[in-house]
Amino acid sequence: MKDTFGRKIDYLRISVTDRCNYRCVYCMPEEGVEKREHDEILSLEEIEEIAAAAVSLGVRKVRVTGGEPLVRRGVVELCRRLRAMEGVEDLAVTTNGALLPAMAQELKAAGVNRINISLDTLRPERFAAITRCGRLEDCLAGLRAALGCGMSPIKINTVLIGGFNDDEIEDLAELTVRYPVDVRFIELMPIGHTVPFGPEAYLPVTVVKERLGDALEPAGTDGGVAKLYRLKGAKGRIGLITPLSCEFCGSCNRLRLTADGHLKPCLHSAEEIPVRGLHGAALRQAILDAAAAKPASHGALSAECRSRSARDMNRIGG
Ligand code: SAM
Ligand code: SF4
């Protein structure tokens, strides 16, 4: 499937729930999400049907995300079914890690090797503050569980926030020396109804390069959105992801499915294509329409120029 700019669209990110066991200040409101009726959210069978249609149109890579995907009942079985689909070459999960100690083994057995764990700080009091209710030790236990059951590649997603965790760049980077994991620094995005951040919070991730300086050597790309570097002798790599600029829009290959059944052609646009209740040719046409609706780029973002997306991040999935 190609979009109108000739980009190959082969990556579907599926948000399986808006709910989360955390309340990260940059992602969702403190009060959480309004309790939705069961039938307002796609059933696992509906998700499977939409994913299968997308795969029939050329999607090869699928990511399961949320909210927190691991709080959705049946998510392991969904992963098993997605991985078993002919055409799916890669299945990944993005998680805050808290439930991984209990679920890593069964996820691995279901075919999930590739896992992204979100971790913004190595200081327990900061972790509690940024997540509003999380415990650092749970996330670290989740990381150890993923490592322990042989998941690979494991990537750590760190949202870099000026004045909050930019003094931990070295410590977070050092995780790549201790463990075979990539640590990816991601620019904070101004999206949704989150706590207001001042302009100083929106740091370009190039500060990571400045800070680590000569200790870093280039390590190519991972075929995705990160520019990669390595600390000499480290087991893992350091990735820099720059959503504030439109640097990677030119090679954007993704569509996003929301938990309530809409396809988002672009993370930062308000446009959405409803797919719930569609089947067969109508469903495939809606997916093609979503690909065709992809804009050339999302336009630069900053403290003053917020995302046009109408949703908070927990209702998109990242
Ligand atoms: N709950 C899971 C987790 O935290 O990994 C999956 C969903 S979460 C919305 C996906 C990713 O989006 C996380 O890595 C999170 O840090 C990131 N994210 C959320 N809000 C963001 C923002 N305003 N700017 C940059 N990244 C954000
Ligand atoms: Fe939950 Fe992930 Fe959003 Fe944090 S970033 S509130 S863990 S969905």
# chains A, B, ... in the order shown; residues from 1 in each chain; ligands from 1
>>> residues_around(residues="Gly220 (chain A)", least_positions_apart="5", cutoff="8 Å", atoms="only C-alpha atoms", output="PyMOL selection string")
chain A and resi 227-229
>>> residues_near_ligand(ligand="ligand 1", cutoff="7 Å", atoms="only C-alpha atoms and all ligand atoms", output="MDAnalysis selection string")
chainID A and resid 20 26:27 65:69 94:96 116:118 157:159 186:191 313:314 316:318
>>> closest_residue(among="A:Pro124, A:Gly213, A:Gly233, A:Pro204", to="Leu140 (chain A)", atoms="only C-alpha atoms")
A:Pro124
>>> select_by_dssp(residues="region 114-215 of chain A", states="strand (DSSP E)", output="compact mmCIF listing (two decimals) with C-alpha atoms, in the first residue's frame")
# COMPACT_ATOMS: atom_id res chain seq x y z
CA ARG A 114 10.39 -6.94 20.28
CA ILE A 115 9.44 -4.83 23.27
CA ASN A 116 9.68 -1.13 24.09
CA ILE A 117 9.64 -0.18 27.75
CA SER A 118 9.04 3.42 28.77
CA ILE A 154 14.50 -4.52 23.97
CA LYS A 155 14.27 -0.76 23.65
CA ILE A 156 13.85 1.74 26.43
CA ASN A 157 11.86 4.86 25.51
CA THR A 158 12.89 7.95 27.45
CA VAL A 159 11.00 11.19 26.96
CA LEU A 160 13.58 13.93 27.45
CA VAL A 181 19.17 -2.72 25.37
CA ASP A 182 18.82 0.38 23.22
CA VAL A 183 17.95 3.58 25.08
CA ARG A 184 16.05 5.98 22.83
CA PHE A 185 15.69 9.61 23.85
CA ILE A 186 12.48 11.09 22.47
CA GLU A 187 11.58 14.76 22.33
>>> select_by_dssp(residues="region 108-183 of chain A", states="alpha helix (DSSP H)", output="number ranges by chain")
A: 108-109, 124-131, 136-148, 169-173, 175-178
>>> write_last_selection(atoms="N, CA, C and O atoms", output="tab-separated table (two decimals), in the first residue's frame")
chain	number	residue	atom	x	y	z
A	108	LYS	N	6.26	-13.63	25.35
A	108	LYS	CA	7.32	-14.21	24.53
A	108	LYS	C	6.79	-15.47	23.84
A	108	LYS	O	6.99	-15.67	22.64
A	109	ALA	N	6.10	-16.31	24.63
A	109	ALA	CA	5.56	-17.55	24.06
A	109	ALA	C	4.53	-17.24	22.97
A	109	ALA	O	4.35	-18.02	22.03
A	124	PRO	N	13.59	7.10	42.02
A	124	PRO	CA	12.24	6.67	42.42
A	124	PRO	C	11.27	7.82	42.63
A	124	PRO	O	10.10	7.74	42.21
A	125	GLU	N	11.73	8.93	43.25
A	125	GLU	CA	10.76	10.00	43.53
A	125	GLU	C	10.36	10.72	42.24
A	125	GLU	O	9.22	11.13	42.07
A	126	ARG	N	11.27	10.80	41.30
A	126	ARG	CA	10.92	11.41	40.01
A	126	ARG	C	9.98	10.50	39.22
A	126	ARG	O	9.06	10.96	38.54
A	127	PHE	N	10.26	9.20	39.32
A	127	PHE	CA	9.40	8.24	38.60
A	127	PHE	C	7.97	8.37	39.11
A	127	PHE	O	7.01	8.42	38.33
A	128	ALA	N	7.81	8.45	40.44
A	128	ALA	CA	6.48	8.57	41.03
A	128	ALA	C	5.82	9.88	40.57
A	128	ALA	O	4.62	9.93	40.30
A	129	ALA	N	6.63	10.94	40.43
A	129	ALA	CA	6.07	12.24	40.06
A	129	ALA	C	5.65	12.27	38.59
A	129	ALA	O	4.55	12.73	38.26
A	130	ILE	N	6.47	11.72	37.70
A	130	ILE	CA	6.15	11.82	36.26
A	130	ILE	C	4.99	10.90	35.90
A	130	ILE	O	4.16	11.23	35.05
A	131	THR	N	4.91	9.75	36.58
A	131	THR	CA	3.82	8.79	36.28
A	131	THR	C	2.59	9.05	37.16
A	131	THR	O	1.56	8.45	36.99
A	136	LEU	N	9.29	2.98	40.37
A	136	LEU	CA	10.46	2.67	39.53
A	136	LEU	C	10.81	1.19	39.61
A	136	LEU	O	11.12	0.55	38.60
A	137	GLU	N	10.73	0.63	40.83
A	137	GLU	CA	11.18	-0.76	40.98
A	137	GLU	C	10.33	-1.71	40.14
A	137	GLU	O	10.83	-2.73	39.66
A	138	ASP	N	9.06	-1.37	39.90
A	138	ASP	CA	8.21	-2.25	39.07
A	138	ASP	C	8.69	-2.23	37.63
A	138	ASP	O	8.73	-3.26	36.94
A	139	CYS	N	9.03	-1.03	37.16
A	139	CYS	CA	9.50	-0.92	35.77
A	139	CYS	C	10.83	-1.65	35.59
A	139	CYS	O	11.03	-2.38	34.61
A	140	LEU	N	11.73	-1.48	36.57
A	140	LEU	CA	13.03	-2.16	36.46
A	140	LEU	C	12.86	-3.68	36.56
A	140	LEU	O	13.55	-4.44	35.86
A	141	ALA	N	11.90	-4.11	37.37
A	141	ALA	CA	11.62	-5.56	37.44
A	141	ALA	C	11.08	-6.03	36.09
A	141	ALA	O	11.38	-7.14	35.63
A	142	GLY	N	10.29	-5.19	35.44
A	142	GLY	CA	9.76	-5.53	34.12
A	142	GLY	C	10.88	-5.65	33.10
A	142	GLY	O	10.89	-6.57	32.26
A	143	LEU	N	11.84	-4.74	33.17
A	143	LEU	CA	12.99	-4.80	32.27
A	143	LEU	C	13.76	-6.10	32.49
A	143	LEU	O	14.12	-6.80	31.54
A	144	ARG	N	13.98	-6.43	33.76
A	144	ARG	CA	14.72	-7.67	34.06
A	144	ARG	C	13.94	-8.90	33.57
A	144	ARG	O	14.51	-9.86	33.07
A	145	ALA	N	12.61	-8.84	33.69
A	145	ALA	CA	11.80	-9.98	33.24
A	145	ALA	C	11.92	-10.15	31.72
A	145	ALA	O	12.04	-11.27	31.22
A	146	ALA	N	11.91	-9.03	31.00
A	146	ALA	CA	12.04	-9.10	29.54
A	146	ALA	C	13.41	-9.65	29.15
A	146	ALA	O	13.53	-10.51	28.27
A	147	LEU	N	14.44	-9.18	29.85
A	147	LEU	CA	15.79	-9.68	29.58
A	147	LEU	C	15.88	-11.16	29.94
A	147	LEU	O	16.42	-11.97	29.18
A	148	GLY	N	15.29	-11.50	31.09
A	148	GLY	CA	15.40	-12.86	31.62
A	148	GLY	C	14.76	-13.90	30.72
A	148	GLY	O	15.21	-15.04	30.67
A	169	ILE	N	20.93	12.17	31.67
A	169	ILE	CA	21.26	11.61	30.35
A	169	ILE	C	22.37	10.56	30.48
A	169	ILE	O	22.26	9.45	29.94
A	170	GLU	N	23.41	10.88	31.23
A	170	GLU	CA	24.54	9.94	31.36
A	170	GLU	C	24.09	8.64	32.04
A	170	GLU	O	24.45	7.55	31.61
A	171	ASP	N	23.30	8.78	33.12
A	171	ASP	CA	22.87	7.60	33.86
A	171	ASP	C	21.98	6.69	32.99
A	171	ASP	O	22.10	5.46	33.02
A	172	LEU	N	21.07	7.32	32.25
A	172	LEU	CA	20.18	6.52	31.41
A	172	LEU	C	20.96	5.88	30.27
A	172	LEU	O	20.75	4.71	29.93
A	173	ALA	N	21.90	6.63	29.70
A	173	ALA	CA	22.73	6.10	28.61
A	173	ALA	C	23.55	4.91	29.10
A	173	ALA	O	23.80	3.95	28.35
A	175	LEU	N	22.72	2.58	30.91
A	175	LEU	CA	21.97	1.31	30.87
A	175	LEU	C	22.42	0.47	29.68
A	175	LEU	O	22.37	-0.76	29.71
A	176	THR	N	22.87	1.14	28.60
A	176	THR	CA	23.28	0.39	27.39
A	176	THR	C	24.62	-0.30	27.61
A	176	THR	O	25.01	-1.17	26.83
A	177	VAL	N	25.34	0.11	28.65
A	177	VAL	CA	26.60	-0.56	28.98
A	177	VAL	C	26.29	-1.80	29.83
A	177	VAL	O	26.87	-2.86	29.64
A	178	ARG	N	25.33	-1.63	30.73
A	178	ARG	CA	25.00	-2.74	31.65
A	178	ARG	C	24.17	-3.84	30.99
A	178	ARG	O	24.30	-5.00	31.31
>>> atom_distance(atom1="CA of Thr4 (chain A)", atom2="CA of Ile50 (chain A)")
21.7 Å
>>> residues_around(residues="Glu304 (chain A)", least_positions_apart="3", cutoff="10 Å", atoms="only C-alpha atoms", output="list in words")
Pro190, Gly198, Pro199, Leu301 and Ser307 of chain A
>>> closest_residue(among="A:Val93, A:Leu57, A:Ala102, A:Leu216", to="ligand 2", atoms="only C-alpha atoms and all ligand atoms")
A:Val93
>>> closest_residue(among="A:Gly58, A:Gly87, A:Gly74, A:Pro29", to="ligand 2", atoms="only C-alpha atoms and all ligand atoms")
A:Pro29
>>> residues_around(residues="Gly162 (chain A)", least_positions_apart="2", cutoff="9 Å", atoms="only C-alpha atoms", output="ChimeraX atom specification")
/A:160,164-167,188,199-203
>>> closest_residue(among="A:Asp120, A:Asp214, A:Glu40, A:Glu49", to="ligand 2", atoms="only C-alpha atoms and all ligand atoms")
A:Asp120
